[in-house]
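All remarks here apply to the structure that follows.
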Amino acid sequence: MKDMAGQIAVITGAGGGLGRAHALALAKRGVKIVVNDLGNAQGVVDEITAAGGEAVADSTDISDRAAAAAAMVEAAVERWGRIDILVNNAGILRDKSFAKMDLDDFDKVIAVHLTGSVNCTKAAWPYMVEQGYGRILMTTSASGIYGNFGQSNYGAAKSGLVGLMNVLAIEGAKKGIKVNSLAPTAFTQMTDGLITEEAAAVLGPETVAPAAEFLVSPDAPTGVILGAGGGVFAVSEMREAAPVSLGQDATAEGIEGRWAEISDLSDSHHLAAAFEQTRLYVETAAAGEDA
């Protein structure tokens with residue numbers, strides 16, 4: 001990869017687990033790090049500086065919009081003159097089945113994962129636009145992509161981050177800003193008790209960090225969801241089946257009768273933006289009328 005030395009990164013939730021692993025990995029590449037965490041930010045800064053890197057601690061609550069903008073991102077720019085990388089990693093869990101979940105806990109998870117990422121990204125975005133360069137990494141999850149029992153709040157937040165990434169990747173394309181999502185599976189404080197000891201031995205946070213490094217690198221792709229864990233990596237994406245025109249039979253009964261064809265993903269495709277779907281449906285409808 002191209003040299004990243006001298007770049008400036010803000011990493012949220014970097015006091016332990018995945019955020020710490022990302023911070024240490026990028027610091028080894030010469031990136032200057034703002035270690036954001038409500039807990040052990042200074043401990044990670046001390047690790048980085050002891051290894052010859054440069055970092056500062058930040059205790060901003062990213063769910064606080066004003067603090068995310070003023071106390072963290074603006075402080076980084078004032079200190080180092082720019083912000084090149086934003087890693088939205090901070091998160092919490094409040095797991096419970098939807099029927100038993102307190103909606104306050106639903107709101108808390110959305111506030112940290114989704115709204116917190118929005119707050120930080122909104123603060124960093126104008127600086128990245130002005131300098132014509134930026135790398136933003138969202139942290140999604142298999143729970144948001146595929147679902148997981150007891151995590152309606154977490155899954156909704158993580159799925160929302162993919163939607164945010166999709167739009168920002170489009171809006172940032174002409175501005176030199178690339179936006180991606182990391183879908184990690186790792187043993188951290190958040191997943192303690194949720195995965196087996198055997199899996200935990202394989203899924204150290206350091207095995208995920210290379211994916212984060214790649215997705216915020218100068219030659220990174222954009223609009224990508226990359227799964228990572230245990231040294232294993234795989235891209236996930238939303239795909240759509242080949243569209244089927246029902247013509248005069250465009251009824252619920254018509255859908256039922258041709259469901260096998262409509263739901264057949266053997267000839268699926270990826271759409272780069274929403275209006276590609278619109279165009280495709282209009283063309284398919286017209287072709288159906290001409291047939």
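Quick note on naming: the chains in the structure tokens go A, B, ... in the order shown, residues restart at 1 in each chain, and ligands are numbered from 1 in order of appearance.
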Which residues, written as a short mmCIF file (atom, residue, chain, number, x, y, z; two decimals) with N, CA and C atoms, in the first residue's frame, have at least one atom at most 10 Å from Asn180 (chain A), with only C-alpha atoms counted and residues fewer than 4 positions away on the same chain left out?
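Result file selection.cif:
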data_model
loop_
_atom_site.label_atom_id
_atom_site.label_comp_id
_atom_site.auth_asym_id
_atom_site.auth_seq_id
_atom_site.Cartn_x
_atom_site.Cartn_y
_atom_site.Cartn_z
N VAL A 87 -12.43 6.65 11.75
CA VAL A 87 -12.89 5.28 11.97
C VAL A 87 -13.99 5.33 13.03
N ARG A 135 -10.93 9.44 4.18
CA ARG A 135 -11.27 8.02 4.28
C ARG A 135 -12.12 7.84 5.53
N ILE A 136 -13.33 7.31 5.35
CA ILE A 136 -14.25 7.12 6.47
C ILE A 136 -14.62 5.65 6.55
N LEU A 137 -14.51 5.09 7.74
CA LEU A 137 -14.84 3.68 7.94
C LEU A 137 -15.96 3.56 8.96
N MET A 138 -17.07 2.96 8.53
CA MET A 138 -18.16 2.62 9.42
C MET A 138 -17.90 1.21 9.96
N THR A 139 -18.41 0.93 11.15
CA THR A 139 -18.32 -0.42 11.68
C THR A 139 -19.72 -1.01 11.74
N THR A 140 -20.00 -1.89 10.78
CA THR A 140 -21.28 -2.57 10.74
C THR A 140 -21.13 -3.92 11.43
N LEU A 161 -25.94 1.95 9.28
CA LEU A 161 -24.61 2.40 8.90
C LEU A 161 -24.25 1.99 7.47
N VAL A 162 -24.75 0.84 7.04
CA VAL A 162 -24.53 0.43 5.65
C VAL A 162 -25.26 1.38 4.70
N LEU A 164 -26.00 4.48 5.32
CA LEU A 164 -25.24 5.74 5.38
C LEU A 164 -24.01 5.66 4.49
N MET A 165 -23.29 4.55 4.59
CA MET A 165 -22.11 4.36 3.75
C MET A 165 -22.47 4.42 2.26
N ASN A 166 -23.55 3.75 1.88
CA ASN A 166 -23.92 3.70 0.46
C ASN A 166 -24.11 5.11 -0.11
N LEU A 168 -23.03 8.08 1.27
CA LEU A 168 -21.82 8.91 1.37
C LEU A 168 -20.75 8.50 0.37
N ALA A 169 -20.70 7.22 0.03
CA ALA A 169 -19.74 6.78 -0.99
C ALA A 169 -20.06 7.43 -2.33
N ALA A 212 -9.26 -2.96 8.44
CA ALA A 212 -9.43 -1.52 8.68
C ALA A 212 -8.32 -0.72 8.00
N LEU A 215 -9.07 -0.56 4.27
CA LEU A 215 -10.24 0.23 3.89
C LEU A 215 -10.07 1.72 4.10
N VAL A 216 -9.04 2.15 4.84
CA VAL A 216 -8.77 3.59 5.00
C VAL A 216 -7.47 4.00 4.30
N ALA A 220 -7.79 2.57 -1.26
CA ALA A 220 -8.95 1.79 -0.83
C ALA A 220 -10.07 1.85 -1.87
N PRO A 221 -10.93 0.84 -1.89
CA PRO A 221 -12.15 0.92 -2.70
C PRO A 221 -13.13 1.86 -1.99
N THR A 222 -14.34 1.96 -2.47
CA THR A 222 -15.36 2.73 -1.77
C THR A 222 -16.70 2.03 -1.89
N GLY A 223 -17.53 2.21 -0.86
CA GLY A 223 -18.84 1.57 -0.86
C GLY A 223 -18.80 0.08 -0.64
N VAL A 224 -17.78 -0.39 0.07
CA VAL A 224 -17.57 -1.83 0.26
C VAL A 224 -17.86 -2.23 1.70
N ILE A 225 -18.49 -3.39 1.87
CA ILE A 225 -18.63 -4.01 3.19
C ILE A 225 -17.65 -5.17 3.23
N LEU A 226 -16.70 -5.12 4.14
CA LEU A 226 -15.69 -6.17 4.24
C LEU A 226 -15.80 -6.87 5.58
#
Using backbone DSSP assignments, extract all strand (DSSP E) residues from region 27-270 of chain A; output them as a PyMOL selection string. chain A and resi 32-36+55-58+85-88+134-139+177-184+225-229+232-236
With distances taken over only C-alpha atoms, which of A:Gly163, A:Gly176, A:Gly231, A:Gly30 is nearest to Gln7 (chain A)?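 Of the candidates, the smallest distance to Gln7 (chain A) is held by A:Gly30.
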If you count only C-alpha atoms, which residues fall within 10 Å of region 100-114 of chain A, apart from same-chain ones fewer than 5 positions away, as a PyMOL selection string? chain A and resi 61-64+88-95+119+138-140+150-162+164
Enter the distance from CA of Gly229 (chain A) to CA of Ser141 (chain A), in Å, rounded to one decimal. 11.6 Å
Would you mind reading off the distance between CA of Asn148 (chain A) and CA of Ser97 (chain A), one decimal, in Å?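 Here the two named atoms are 10.0 Å from each other.
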Just checking: using only C-alpha atoms, which residue out of A:Tyr146, A:Tyr281, A:Phe214, A:Trp125 ends up closest to Met4 (chain A)? A:Phe214
With only C-alpha atoms as the basis for distance, which of A:Val208, A:Val179, A:Ile33, A:Met72 is at the shortest distance from Ala228 (chain A)?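 Of all the options, A:Val208 lies closest to Ala228 (chain A).
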Rounded to one decimal, what separation in Å do you get between CA of Gly288 (chain A) and CA of Leu246 (chain A)?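 Taking CA of Gly288 (chain A) and CA of Leu246 (chain A), their separation equals 7.5 Å.
Residues in contact with His22 (chain A) at up to 9 Å, not including ones fewer than 4 positions away on its chain and judged by only C-alpha atoms, are Ile11, Ala14, Gly17, Leu18, Leu26, Ala27, Val87, Pro205, Glu206, Val208, Ala209, Pro210, Ala212 and Glu213 of chain A.
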Residues near Ala57 (chain A), anyone? I mean within 10 Å using only C-alpha atoms, not counting same-chain ones fewer than 5 positions away, as an NGL selection string. :A and (14-15 or 33-38 or 40-46 or 72)
What lies within 10 Å of region 74-77 of chain A using only C-alpha atoms, ignoring chain neighbours under 2 positions off, as a PyMOL selection string? chain A and resi 8-10+32-34+56+58+67-72+79-84+123-124+127
Prev. selection, C-alpha atoms, output as a compact mmCIF listing (two decimals), in the first residue's frame:
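The new file result-v7.txt reads:
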# COMPACT_ATOMS: atom_id res chain seq x y z
CA ILE A 8 -4.23 12.11 10.81
CA ALA A 9 -6.82 9.63 12.07
CA VAL A 10 -9.64 9.90 14.59
CA LYS A 32 -1.05 10.27 14.02
CA ILE A 33 -3.98 9.08 16.11
CA VAL A 34 -6.73 10.70 18.14
CA VAL A 56 -3.52 12.10 21.86
CA ASP A 58 -9.93 12.20 23.75
CA ALA A 67 -18.86 17.64 21.50
CA ALA A 68 -18.21 15.35 18.55
CA ALA A 69 -17.81 18.35 16.29
CA ALA A 70 -16.03 20.82 18.54
CA ALA A 71 -14.11 18.83 21.12
CA MET A 72 -12.81 16.04 18.93
CA ARG A 79 -3.56 20.36 16.42
CA TRP A 80 -2.40 18.80 13.16
CA GLY A 81 -3.99 20.90 10.40
CA ARG A 82 -6.20 18.25 8.82
CA ILE A 83 -8.09 15.00 9.26
CA ASP A 84 -7.49 12.22 6.75
CA ALA A 123 -17.94 17.07 11.69
CA ALA A 124 -15.14 15.61 9.57
CA TYR A 127 -12.57 19.32 6.19
DSSP says helix (DSSP H, G or I) for which residues of region 36-267 of chain A? Put them as a PyMOL selection string? chain A and resi 41-50+65-80+103-131+142-145+152-175+197-202+205-207+209-215+247-249+252-257+259-262
Using only C-alpha atoms for the distances, tell me which of A:Ser245, A:Ser268, A:Ser217, A:Ser143 is nearest to Ile85 (chain A). A:Ser217
